[in-house]
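Content type mmCIF, C-alpha atoms, from the file my_file_28.cif:
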```
data_entry
#
loop_
_atom_site.label_atom_id
_atom_site.label_comp_id
_atom_site.auth_asym_id
_atom_site.auth_seq_id
_atom_site.Cartn_x
_atom_site.Cartn_y
_atom_site.Cartn_z
CA MET A 1086 -34.28 328.39 161.81
CA LYS A 1087 -35.22 326.13 164.70
CA VAL A 1088 -35.36 329.15 167.00
CA LYS A 1089 -37.91 330.78 164.71
CA VAL A 1090 -40.16 327.73 164.87
CA VAL A 1091 -40.01 327.77 168.66
CA THR A 1092 -40.79 331.49 168.80
CA ARG A 1093 -43.81 331.06 166.55
CA ILE A 1094 -45.13 328.22 168.69
CA LEU A 1095 -44.68 330.27 171.87
CA GLU A 1096 -46.47 333.31 170.41
CA ALA A 1097 -49.44 331.21 169.29
CA ASN A 1098 -49.49 329.62 172.73
CA ASP A 1099 -49.56 333.00 174.47
CA ARG A 1100 -52.64 334.04 172.48
CA LEU A 1101 -54.49 330.87 173.42
CA ALA A 1102 -53.40 331.23 177.05
CA GLU A 1103 -54.97 334.71 177.09
CA GLU A 1104 -58.25 333.20 175.86
CA ASN A 1105 -58.15 330.60 178.62
CA ARG A 1106 -57.42 333.31 181.14
CA LYS A 1107 -60.47 335.35 180.15
CA ARG A 1108 -62.60 332.25 180.47
CA PHE A 1109 -61.24 331.57 183.97
CA GLN A 1110 -61.85 335.20 185.00
CA ASP A 1111 -65.43 335.07 183.70
CA ALA A 1112 -66.02 331.93 185.74
CA GLY A 1113 -64.43 333.47 188.85
CA VAL A 1114 -61.92 330.66 189.26
CA TYR A 1115 -58.33 331.19 190.43
CA VAL A 1116 -55.91 329.04 188.42
CA VAL A 1117 -52.61 327.59 189.62
CA ASN A 1118 -50.01 325.99 187.32
CA LEU A 1119 -48.20 323.40 189.48
CA MET A 1120 -44.76 322.46 188.13
CA GLY A 1121 -41.75 320.42 189.19
CA ALA A 1122 -39.41 317.57 188.24
CA PRO A 1123 -40.56 313.95 188.06
CA GLY A 1124 -40.73 312.60 191.60
CA ALA A 1125 -40.69 316.00 193.34
CA GLY A 1126 -44.00 315.05 194.95
CA LYS A 1127 -46.42 317.22 192.98
CA THR A 1128 -49.38 314.84 193.17
CA THR A 1129 -48.86 314.04 196.84
CA LEU A 1130 -48.63 317.76 197.67
CA LEU A 1131 -51.83 318.24 195.69
CA GLU A 1132 -53.55 315.52 197.74
CA ARG A 1133 -52.45 317.14 201.02
CA THR A 1134 -53.47 320.59 199.78
CA ILE A 1135 -56.92 319.41 198.73
CA GLN A 1136 -57.40 317.65 202.07
CA ALA A 1137 -56.53 320.91 203.88
CA LEU A 1138 -58.62 323.23 201.68
CA LYS A 1139 -61.66 321.14 200.82
CA PRO A 1140 -63.68 322.31 203.85
CA HIS A 1141 -63.12 325.92 202.79
CA MET A 1142 -63.29 326.08 199.00
CA LYS A 1143 -64.21 324.16 195.86
CA ILE A 1144 -61.17 322.85 194.01
CA GLY A 1145 -60.89 321.27 190.57
CA VAL A 1146 -57.83 319.62 189.05
CA ILE A 1147 -56.34 319.03 185.60
CA GLU A 1148 -53.65 316.33 185.57
CA GLY A 1149 -50.98 316.39 182.87
CA ASP A 1150 -48.99 313.25 182.12
CA ILE A 1151 -47.30 311.75 179.09
CA VAL A 1152 -49.45 308.61 179.46
CA GLY A 1153 -51.74 307.01 182.01
CA SER A 1154 -54.34 308.21 184.50
CA ASP A 1155 -52.83 307.17 187.84
CA ASP A 1156 -52.68 310.74 189.14
CA ALA A 1157 -56.25 311.57 188.11
CA GLU A 1158 -57.43 308.45 189.92
CA ARG A 1159 -55.56 309.49 193.08
CA ILE A 1160 -57.13 312.97 192.95
CA GLY A 1161 -60.56 311.61 192.00
CA ALA A 1162 -60.51 309.50 195.17
CA LEU A 1163 -60.67 312.81 197.10
CA GLU A 1164 -64.00 313.53 195.37
CA VAL A 1165 -63.04 316.67 193.52
CA PRO A 1166 -63.61 317.19 189.77
CA VAL A 1167 -60.57 316.05 187.81
CA VAL A 1168 -59.61 315.69 184.15
CA GLN A 1169 -56.56 313.81 182.89
CA ILE A 1170 -54.64 315.10 179.87
CA ASN A 1171 -52.23 312.70 178.17
CA THR A 1172 -49.70 314.68 176.18
CA GLY A 1173 -48.37 311.71 174.19
CA GLY A 1174 -44.76 312.67 173.62
CA ALA A 1175 -44.94 316.29 174.79
CA CYS A 1176 -42.93 317.18 177.88
CA HIS A 1177 -45.21 320.04 179.01
CA LEU A 1178 -48.81 321.21 178.94
CA ASP A 1179 -49.71 324.04 176.58
CA ALA A 1180 -52.67 326.42 176.38
CA ASN A 1181 -54.35 324.46 173.62
CA MET A 1182 -54.34 321.20 175.60
CA ILE A 1183 -55.96 323.04 178.53
CA ASN A 1184 -58.49 324.73 176.24
CA GLU A 1185 -59.61 321.37 174.89
CA VAL A 1186 -60.64 319.97 178.28
CA LEU A 1187 -62.26 323.03 179.88
CA ASP A 1188 -65.79 321.94 178.94
CA GLU A 1189 -65.30 318.85 181.05
CA LEU A 1190 -64.93 320.85 184.28
CA PRO A 1191 -67.67 322.72 186.21
CA LEU A 1192 -65.66 325.96 186.06
CA ARG A 1193 -68.37 328.23 187.47
CA ASP A 1194 -68.75 326.05 190.55
CA LEU A 1195 -65.03 326.13 191.35
CA ASP A 1196 -63.04 328.57 193.49
CA MET A 1197 -59.67 327.24 192.41
CA LEU A 1198 -58.37 325.11 189.54
CA ILE A 1199 -54.98 323.47 190.02
CA ILE A 1200 -53.24 322.28 186.86
CA GLU A 1201 -50.54 319.70 187.56
CA ASN A 1202 -48.03 319.96 184.74
CA VAL A 1203 -45.88 317.16 183.29
CA GLY A 1204 -42.88 316.33 185.50
CA ASN A 1205 -40.12 318.48 183.99
CA LEU A 1206 -38.02 321.39 185.35
CA VAL A 1207 -37.59 323.04 181.95
CA CYS A 1208 -40.33 323.47 179.34
CA PRO A 1209 -43.45 323.80 181.53
CA ALA A 1210 -42.06 327.18 182.65
CA GLU A 1211 -42.06 328.40 179.02
CA PHE A 1212 -45.68 327.64 178.15
CA LYS A 1213 -48.44 329.73 179.73
CA VAL A 1214 -51.75 327.94 180.08
CA GLY A 1215 -53.87 330.90 181.26
CA GLU A 1216 -52.96 330.59 184.94
CA ASP A 1217 -53.09 333.32 187.61
CA MET A 1218 -50.02 331.92 189.32
CA LYS A 1219 -47.19 329.49 188.62
CA MET A 1220 -45.67 327.50 191.47
CA MET A 1221 -43.10 324.75 191.74
CA VAL A 1222 -42.27 321.82 193.99
CA LEU A 1223 -38.66 320.80 194.58
CA SER A 1224 -37.79 317.69 196.55
CA VAL A 1225 -34.86 318.22 198.89
CA ALA A 1226 -33.58 314.87 197.55
CA GLU A 1227 -32.95 316.58 194.19
CA GLY A 1228 -29.99 318.46 195.68
CA HIS A 1229 -29.13 322.11 196.22
CA ASP A 1230 -27.82 322.86 192.71
CA LYS A 1231 -31.21 323.02 191.01
CA PRO A 1232 -31.98 326.79 191.14
CA LEU A 1233 -28.81 327.70 189.22
CA LYS A 1234 -29.26 324.83 186.74
CA TYR A 1235 -32.95 325.39 185.96
CA PRO A 1236 -33.34 329.14 186.59
CA LEU A 1237 -36.39 329.89 184.44
CA MET A 1238 -38.83 327.88 186.56
CA PHE A 1239 -37.58 329.56 189.75
CA ARG A 1240 -37.95 332.97 188.07
CA GLU A 1241 -41.45 332.27 186.77
CA SER A 1242 -42.83 330.82 190.00
CA SER A 1243 -44.55 332.82 192.73
CA ALA A 1244 -44.15 330.02 195.25
CA LEU A 1245 -41.53 327.32 195.82
CA VAL A 1246 -42.53 324.35 197.97
CA LEU A 1247 -39.49 322.47 199.27
CA ASN A 1248 -40.85 318.97 199.79
CA LYS A 1249 -39.68 315.80 201.60
CA ILE A 1250 -37.97 317.72 204.43
CA ASP A 1251 -38.32 314.54 206.54
CA LEU A 1252 -35.39 313.20 204.46
CA LEU A 1253 -33.02 316.08 205.36
CA PRO A 1254 -31.24 314.19 208.19
CA TYR A 1255 -30.15 311.53 205.68
CA MET A 1256 -28.64 313.74 202.98
CA ASN A 1257 -26.26 316.64 202.53
CA THR A 1258 -28.61 319.07 200.78
CA ASP A 1259 -27.65 322.65 201.71
CA MET A 1260 -31.04 324.27 202.28
CA LYS A 1261 -29.50 327.69 202.83
CA LYS A 1262 -27.98 327.52 199.33
CA VAL A 1263 -31.32 326.48 197.84
CA ARG A 1264 -33.01 329.45 199.50
CA ASN A 1265 -30.29 331.98 198.66
CA ASP A 1266 -29.93 330.93 195.03
CA SER A 1267 -33.71 330.84 194.54
CA LEU A 1268 -34.18 334.30 196.04
CA ALA A 1269 -31.27 335.69 194.01
CA LEU A 1270 -33.13 334.57 190.87
CA ASN A 1271 -36.51 335.76 192.14
CA PRO A 1272 -36.57 338.04 195.20
CA ASN A 1273 -40.39 337.84 195.40
CA LEU A 1274 -40.47 334.05 195.57
CA LYS A 1275 -42.42 332.77 198.58
CA ILE A 1276 -40.71 329.65 199.97
CA PHE A 1277 -42.38 326.91 202.02
CA GLU A 1278 -40.84 323.81 203.60
CA VAL A 1279 -43.13 320.79 203.86
CA SER A 1280 -43.21 317.05 204.29
CA CYS A 1281 -46.18 315.32 202.70
CA THR A 1282 -45.27 312.24 204.79
CA THR A 1283 -45.30 313.88 208.25
CA ARG A 1284 -47.60 316.74 207.08
CA ALA A 1285 -45.16 319.28 208.54
CA GLY A 1286 -45.72 322.71 206.99
CA ILE A 1287 -48.81 321.71 205.02
CA ASP A 1288 -51.26 323.91 206.95
CA THR A 1289 -49.07 327.02 206.58
CA TRP A 1290 -48.71 326.37 202.85
CA ALA A 1291 -52.42 325.64 202.31
CA GLN A 1292 -53.47 328.74 204.26
CA TRP A 1293 -51.26 330.94 202.08
CA LEU A 1294 -52.69 329.38 198.92
CA ARG A 1295 -56.25 329.81 200.18
CA GLU A 1296 -55.73 333.51 200.78
CA LEU A 1297 -54.71 334.09 197.15
CA LYS A 1298 -58.30 333.51 196.11
CA SER A 1299 -59.96 335.71 198.73
CA MET B 216 -49.48 320.66 162.03
CA LYS B 217 -47.41 320.75 165.20
CA VAL B 218 -46.81 317.01 164.90
CA LYS B 219 -45.38 317.52 161.40
CA VAL B 220 -42.89 320.07 162.66
CA VAL B 221 -41.76 317.69 165.40
CA THR B 222 -41.38 314.82 162.92
CA ARG B 223 -39.28 316.95 160.58
CA ILE B 224 -37.00 318.02 163.41
CA LEU B 225 -36.57 314.41 164.56
CA GLU B 226 -35.75 313.18 161.04
CA ALA B 227 -33.11 315.86 160.56
CA ASN B 228 -31.71 314.99 163.96
CA ASP B 229 -31.46 311.29 163.09
CA ARG B 230 -29.38 312.09 159.99
CA LEU B 231 -26.95 314.20 162.01
CA ALA B 232 -26.79 311.53 164.73
CA GLU B 233 -25.76 309.01 162.09
CA GLU B 234 -22.90 311.33 161.04
CA ASN B 235 -21.74 311.64 164.64
CA ARG B 236 -21.92 307.88 165.01
CA LYS B 237 -19.65 307.29 162.01
CA ARG B 238 -17.18 309.75 163.45
CA PHE B 239 -17.20 307.95 166.81
CA GLN B 240 -16.72 304.58 165.10
CA ASP B 241 -13.79 305.91 163.06
CA ALA B 242 -12.18 307.16 166.26
CA GLY B 243 -12.81 303.85 168.04
CA VAL B 244 -14.69 305.46 170.91
CA TYR B 245 -17.72 303.88 172.62
CA VAL B 246 -20.38 306.50 173.32
CA VAL B 247 -22.90 306.48 176.18
CA ASN B 248 -25.91 308.83 176.39
CA LEU B 249 -26.58 309.28 180.14
CA MET B 250 -30.12 310.43 180.92
CA GLY B 251 -32.34 310.99 183.95
CA ALA B 252 -34.51 313.50 185.80
CA PRO B 253 -33.05 316.56 187.55
CA GLY B 254 -31.56 315.44 190.83
CA ALA B 255 -31.43 311.72 189.97
CA GLY B 256 -27.68 311.87 190.60
CA LYS B 257 -26.32 311.68 187.05
CA THR B 258 -23.21 313.77 187.69
CA THR B 259 -22.37 312.06 190.97
CA LEU B 260 -22.75 308.64 189.32
CA LEU B 261 -20.48 309.88 186.55
CA GLU B 262 -17.88 310.92 189.12
CA ARG B 263 -17.99 307.51 190.83
CA THR B 264 -17.87 305.73 187.46
CA ILE B 265 -14.85 307.71 186.29
CA GLN B 266 -13.07 307.06 189.60
CA ALA B 267 -13.69 303.32 189.15
CA LEU B 268 -12.75 303.12 185.46
CA LYS B 269 -9.94 305.65 185.12
CA PRO B 270 -7.18 303.12 185.89
CA HIS B 271 -8.48 300.89 183.08
CA MET B 272 -9.61 303.14 180.22
CA LYS B 273 -9.57 306.70 178.87
CA ILE B 274 -12.87 308.47 179.38
CA GLY B 275 -14.09 311.80 178.03
CA VAL B 276 -17.26 313.65 178.97
CA ILE B 277 -19.73 316.05 177.39
CA GLU B 278 -21.93 317.85 179.94
CA GLY B 279 -25.34 319.15 178.87
CA ASP B 280 -27.08 321.81 180.96
CA ILE B 281 -29.48 324.64 180.29
CA VAL B 282 -26.97 327.10 181.79
CA GLY B 283 -23.79 327.03 183.84
CA SER B 284 -20.67 324.89 183.99
CA ASP B 285 -20.85 323.44 187.52
CA ASP B 286 -20.98 319.86 186.26
CA ALA B 287 -18.08 320.28 183.83
CA GLU B 288 -16.00 321.73 186.66
CA ARG B 289 -16.83 318.74 188.87
CA ILE B 290 -15.81 316.32 186.11
CA GLY B 291 -12.76 318.37 185.14
CA ALA B 292 -11.50 318.03 188.71
CA LEU B 293 -11.10 314.29 187.98
CA GLU B 294 -8.66 315.21 185.20
CA VAL B 295 -10.54 313.80 182.26
CA PRO B 296 -11.31 315.79 179.07
CA VAL B 297 -14.70 317.50 179.40
CA VAL B 298 -16.76 319.94 177.34
CA GLN B 299 -19.80 321.81 178.63
CA ILE B 300 -22.77 322.45 176.33
CA ASN B 301 -25.29 325.07 177.41
CA THR B 302 -28.57 324.46 175.62
CA GLY B 303 -30.11 327.83 176.46
CA GLY B 304 -33.79 327.01 176.67
CA ALA B 305 -33.66 323.51 175.21
CA CYS B 306 -34.63 320.65 177.52
CA HIS B 307 -32.45 318.03 175.80
CA LEU B 308 -29.26 317.59 173.81
CA ASP B 309 -29.54 316.95 170.09
CA ALA B 310 -27.13 315.59 167.48
CA ASN B 311 -26.25 319.04 166.18
CA MET B 312 -25.19 320.33 169.60
CA ILE B 313 -22.93 317.30 170.00
CA ASN B 314 -21.53 317.70 166.50
CA GLU B 315 -20.52 321.29 167.24
CA VAL B 316 -18.26 320.39 170.17
CA LEU B 317 -16.58 317.22 168.86
CA ASP B 318 -13.47 319.08 167.69
CA GLU B 319 -12.84 320.12 171.28
CA LEU B 320 -12.36 316.52 172.45
CA PRO B 321 -9.38 314.20 171.75
CA LEU B 322 -11.70 311.54 170.31
CA ARG B 323 -8.97 309.23 168.99
CA ASP B 324 -7.34 309.08 172.42
CA LEU B 325 -10.56 308.06 174.17
CA ASP B 326 -11.98 304.61 174.85
CA MET B 327 -15.32 305.89 176.03
CA LEU B 328 -17.25 309.16 175.74
CA ILE B 329 -20.05 309.71 178.23
CA ILE B 330 -22.59 312.38 177.31
CA GLU B 331 -24.59 313.62 180.29
CA ASN B 332 -27.90 314.86 178.97
CA VAL B 333 -30.06 317.67 180.40
CA GLY B 334 -32.03 316.58 183.47
CA ASN B 335 -35.36 315.52 181.99
CA LEU B 336 -37.22 312.18 181.86
CA VAL B 337 -38.97 312.96 178.56
CA CYS B 338 -37.30 314.57 175.52
CA PRO B 339 -33.70 313.31 175.83
CA ALA B 340 -35.05 309.84 174.99
CA GLU B 341 -36.40 311.13 171.65
CA PHE B 342 -33.21 312.70 170.31
CA LYS B 343 -30.37 310.44 169.21
CA VAL B 344 -26.93 312.01 169.47
CA GLY B 345 -24.91 309.24 167.76
CA GLU B 346 -24.50 307.10 170.87
CA ASP B 347 -23.82 303.35 171.03
CA MET B 348 -25.93 303.00 174.15
CA LYS B 349 -28.52 304.96 176.08
CA MET B 350 -28.76 304.55 179.86
CA MET B 351 -30.74 306.21 182.62
CA VAL B 352 -30.41 307.00 186.31
CA LEU B 353 -33.48 306.96 188.56
CA SER B 354 -33.25 308.08 192.17
CA VAL B 355 -35.29 305.84 194.48
CA ALA B 356 -36.52 309.12 196.04
CA GLU B 357 -38.44 309.80 192.81
CA GLY B 358 -40.94 307.07 193.67
CA HIS B 359 -41.99 303.80 192.07
CA ASP B 360 -44.49 305.21 189.57
CA LYS B 361 -41.90 306.57 187.13
CA PRO B 362 -41.59 303.67 184.63
CA LEU B 363 -45.29 303.75 183.75
CA LYS B 364 -45.37 307.57 183.61
CA TYR B 365 -42.24 308.07 181.48
CA PRO B 366 -42.12 304.82 179.49
CA LEU B 367 -40.06 305.94 176.48
CA MET B 368 -36.83 306.48 178.42
CA PHE B 369 -37.14 303.06 180.05
CA ARG B 370 -37.77 301.50 176.62
CA GLU B 371 -34.85 303.26 174.96
CA SER B 372 -32.29 302.56 177.70
CA SER B 373 -30.01 299.53 177.81
CA ALA B 374 -29.22 300.08 181.49
CA LEU B 375 -31.16 301.50 184.44
CA VAL B 376 -29.15 302.59 187.47
CA LEU B 377 -31.33 302.87 190.58
CA ASN B 378 -29.47 305.43 192.66
CA LYS B 379 -29.59 306.63 196.31
CA ILE B 380 -30.47 303.17 197.69
CA ASP B 381 -29.05 304.37 201.04
CA LEU B 382 -32.33 306.33 201.38
CA LEU B 383 -34.59 303.27 201.01
CA PRO B 384 -35.09 302.76 204.78
CA TYR B 385 -36.62 306.25 205.01
CA MET B 386 -39.19 306.03 202.24
CA ASN B 387 -41.91 303.76 200.91
CA THR B 388 -40.59 303.25 197.38
CA ASP B 389 -41.63 299.80 196.13
CA MET B 390 -38.46 298.59 194.40
CA LYS B 391 -40.13 295.41 193.18
CA LYS B 392 -42.69 297.52 191.32
CA VAL B 393 -39.93 299.66 189.78
CA ARG B 394 -38.16 296.53 188.55
CA ASN B 395 -41.28 294.76 187.31
CA ASP B 396 -42.71 297.79 185.50
CA SER B 397 -39.32 298.61 183.95
CA LEU B 398 -38.81 295.06 182.71
CA ALA B 399 -42.37 294.90 181.37
CA LEU B 400 -41.53 297.94 179.22
CA ASN B 401 -38.10 296.65 178.26
CA PRO B 402 -37.30 292.99 178.99
CA ASN B 403 -33.64 293.47 177.98
CA LEU B 404 -33.04 296.31 180.45
CA LYS B 405 -30.06 295.69 182.72
CA ILE B 406 -30.83 297.02 186.22
CA PHE B 407 -28.25 298.09 188.81
CA GLU B 408 -28.78 299.32 192.37
CA VAL B 409 -26.20 301.77 193.67
CA SER B 410 -25.53 304.43 196.26
CA CYS B 411 -23.07 307.11 195.24
CA THR B 412 -22.88 308.08 198.93
CA THR B 413 -21.89 304.68 200.35
CA ARG B 414 -20.48 303.47 196.98
CA ALA B 415 -22.57 300.28 197.24
CA GLY B 416 -22.98 298.66 193.84
CA ILE B 417 -20.60 301.04 192.03
CA ASP B 418 -17.96 298.44 191.23
CA THR B 419 -20.50 296.01 189.74
CA TRP B 420 -22.00 298.77 187.62
CA ALA B 421 -18.62 300.12 186.46
CA GLN B 422 -17.36 296.64 185.58
CA TRP B 423 -20.42 296.02 183.40
CA LEU B 424 -19.94 299.35 181.64
CA ARG B 425 -16.24 298.67 181.08
CA GLU B 426 -16.99 295.36 179.40
CA LEU B 427 -19.20 297.04 176.80
CA LYS B 428 -16.12 298.57 175.22
CA SER B 429 -13.97 295.46 175.19
#
```
Target format structure tokens, applied to this file:
Amino acid sequence: MKVKVVTRILEANDRLAEENRKRFQDAGVYVVNLMGAPGAGKTTLLERTIQALKPHMKIGVIEGDIVGSDDAERIGALEVPVVQINTGGACHLDANMINEVLDELPLRDLDMLIIENVGNLVCPAEFKVGEDMKMMVLSVAEGHDKPLKYPLMFRESSALVLNKIDLLPYMNTDMKKVRNDSLALNPNLKIFEVSCTTRAGIDTWAQWLRELKS
Amino acid sequence: MKVKVVTRILEANDRLAEENRKRFQDAGVYVVNLMGAPGAGKTTLLERTIQALKPHMKIGVIEGDIVGSDDAERIGALEVPVVQINTGGACHLDANMINEVLDELPLRDLDMLIIENVGNLVCPAEFKVGEDMKMMVLSVAEGHDKPLKYPLMFRESSALVLNKIDLLPYMNTDMKKVRNDSLALNPNLKIFEVSCTTRAGIDTWAQWLRELKS
């Protein structure tokens, strides 16, 4: 019974996501759904990415959080268009939430729209929002067991950014296991290693992202 | 419409949680619902806690994960009764899932049952499972903005274990802000600082937990 409810919700979501997608294509904007656990460093990676790409392309952002607007304020400080969605209790963004805020963004002026999902390794991977590409951030401090424990997000993502590599000397995270298990789930996954603190790897990552649009 | 569905599911869950709770009370077992984000260190804290408390009380464990049985195998190696629940797609445990596995545990022989929820800072806080006490683990590597971004779990928890404090010298997490924001949400929250790597703070934490039962 509960499964049926979930299926119905997902089907309705897929239809709305397709509508969003057409609207993004009409506007000529490439859309990225940025996912990851709480504290993986999604917003900080977004800041570094915007800093690297702003001279080359116009970026807009939708921030998804349960409550608050801290992240939108951080992104707004970089002088790019940003909208904050508060989901209330919901642990993920869905296509309808995105649809409701699209009028508040100058879509036709943008090259890329990055949607930062709610911090959660599970449900965001189930709900399409109309994106061209899903990606995820995993902090190396989360440990090497995450691909096998949360496989759907690794399967759904085109890119995996392994963040906080400056902390590797102080922990026993087995990066080879993270890579192998991730690629076993998704052989096409593109993996990047970065530190938003030292900025290691940011340029390589940002250049790859930039080329998706061109 | 969607809100109504969610409310109905939560009400049904509360009724089942109450049934579980009566069963736990009859068996004389104290039940802890252990929550936290992926990679916060829930399972490792559970290992350290069992090691500290095993000479003094009988502990059983229910492990909740989307897929896999890695965590149950880790706990089973400590020779305590353990059951693994795989939620499939669900991002949290609910009262029904717990109810279905209770026959597989020697409830009347246990002093304490610790239920490790799915790694997620959002939904586990909404679904009662029949517990006496909710608690959460937050890794200091997740950053100091988590209480204000995921307030419900901090409000619902009786104890907050701040884990991985051995990493504090290598990051800019403002522990005072974590404490202040957590206590502003929940003035009765009991806060512990631990490192499962160095074992700092484990004895203090375990002693507090042990006294809840007596």
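Here atom CA of B:Ser284 and atom CA of B:Glu315 stand 17.1 Å from one another.
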Point-to-point distance in Å for atom CA of B:Lys349 and atom CA of B:Leu317
18.6 Å
Within 12 Å of B:Glu262, counting all atoms listed in the file, which residues show up once you throw out same-chain ones fewer than 6 positions away? Write them as a list in words, please.
Gly256, Leu268, Lys269, Ile274, Gly275, Val276, Asp286, Ala287, Glu288, Arg289, Ile290, Gly291, Ala292, Leu293, Glu294, Val295, Ile329, Glu331, Cys411, Thr412, Arg414, Ile417 and Ala421 of chain B
Find the residues of chain B that sit at most 7 Å from chain A; for each, write down the nearest two atoms and how far apart they are in Å, to one decimal. Count all atoms listed in the file. Sort by chain, then by number going up, and give it as JSON lines.
```
{"residue": "B:Ala252", "atom": "CA", "partner": "A:Pro1123", "partner_atom": "CA", "distance": 6.5}
{"residue": "B:Pro253", "atom": "CA", "partner": "A:Ala1122", "partner_atom": "CA", "distance": 6.5}
{"residue": "B:Gly254", "atom": "CA", "partner": "A:Glu1227", "partner_atom": "CA", "distance": 3.8}
{"residue": "B:Ala255", "atom": "CA", "partner": "A:Glu1227", "partner_atom": "CA", "distance": 6.6}
{"residue": "B:Asp280", "atom": "CA", "partner": "A:Lys1234", "partner_atom": "CA", "distance": 6.9}
{"residue": "B:Ile281", "atom": "CA", "partner": "A:Lys1234", "partner_atom": "CA", "distance": 6.5}
{"residue": "B:Val282", "atom": "CA", "partner": "A:Lys1234", "partner_atom": "CA", "distance": 5.9}
{"residue": "B:Gly283", "atom": "CA", "partner": "A:Lys1234", "partner_atom": "CA", "distance": 6.6}
{"residue": "B:Cys306", "atom": "CA", "partner": "A:Val1207", "partner_atom": "CA", "distance": 5.8}
{"residue": "B:Asn335", "atom": "CA", "partner": "A:Asn1205", "partner_atom": "CA", "distance": 6.0}
{"residue": "B:Val337", "atom": "CA", "partner": "A:Cys1176", "partner_atom": "CA", "distance": 5.8}
{"residue": "B:Cys338", "atom": "CA", "partner": "A:Cys1176", "partner_atom": "CA", "distance": 6.6}
{"residue": "B:Ala356", "atom": "CA", "partner": "A:Ala1226", "partner_atom": "CA", "distance": 6.6}
{"residue": "B:Glu357", "atom": "CA", "partner": "A:Gly1124", "partner_atom": "CA", "distance": 3.8}
{"residue": "B:Gly358", "atom": "CA", "partner": "A:Gly1124", "partner_atom": "CA", "distance": 5.9}
{"residue": "B:Lys364", "atom": "CA", "partner": "A:Val1152", "partner_atom": "CA", "distance": 5.9}
{"residue": "B:Tyr365", "atom": "CA", "partner": "A:Ile1151", "partner_atom": "CA", "distance": 6.7}
```
What's the separation between atom CA of A:Phe1239 and atom CA of B:Ala310, in Å to one decimal place?
28.3 Å
Residues selected by the PyMOL selection byres ((chain B and resi 405) around 7), written as number ranges by chain
B: 373-375, 403-404, 406-407
Please evaluate the PyMOL selection byres ((chain B and resi 232) around 10) against the displayed coordinates and give the resulting residues as number ranges by chain.
B: 226-231, 233-238, 309-311, 313-314, 342-346
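The closest residue to B:Pro339, picked from B:Val246, B:Met368, B:Arg323, B:Asn301 and counting only C-alpha atoms, is B:Met368.
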Ref. answer, residues at most 12 Å from (-11.2, 312.1, 174.7) with all atoms listed in the file, as a PyMOL selection string:
chain B and resi 239+242-246+272-277+294-298+316-330
With distances taken over only C-alpha atoms, which residue among A:Trp1290, A:Ser1299, A:Pro1232, A:Met1220 lies nearest A:Asn1265?
A:Pro1232
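Residue nearest A:Asn1248 within the list A:Leu1130, A:Asn1271, A:Ala1210, A:Met1120: A:Leu1130 [criterion: smallest interatomic distance, only C-alpha atoms].
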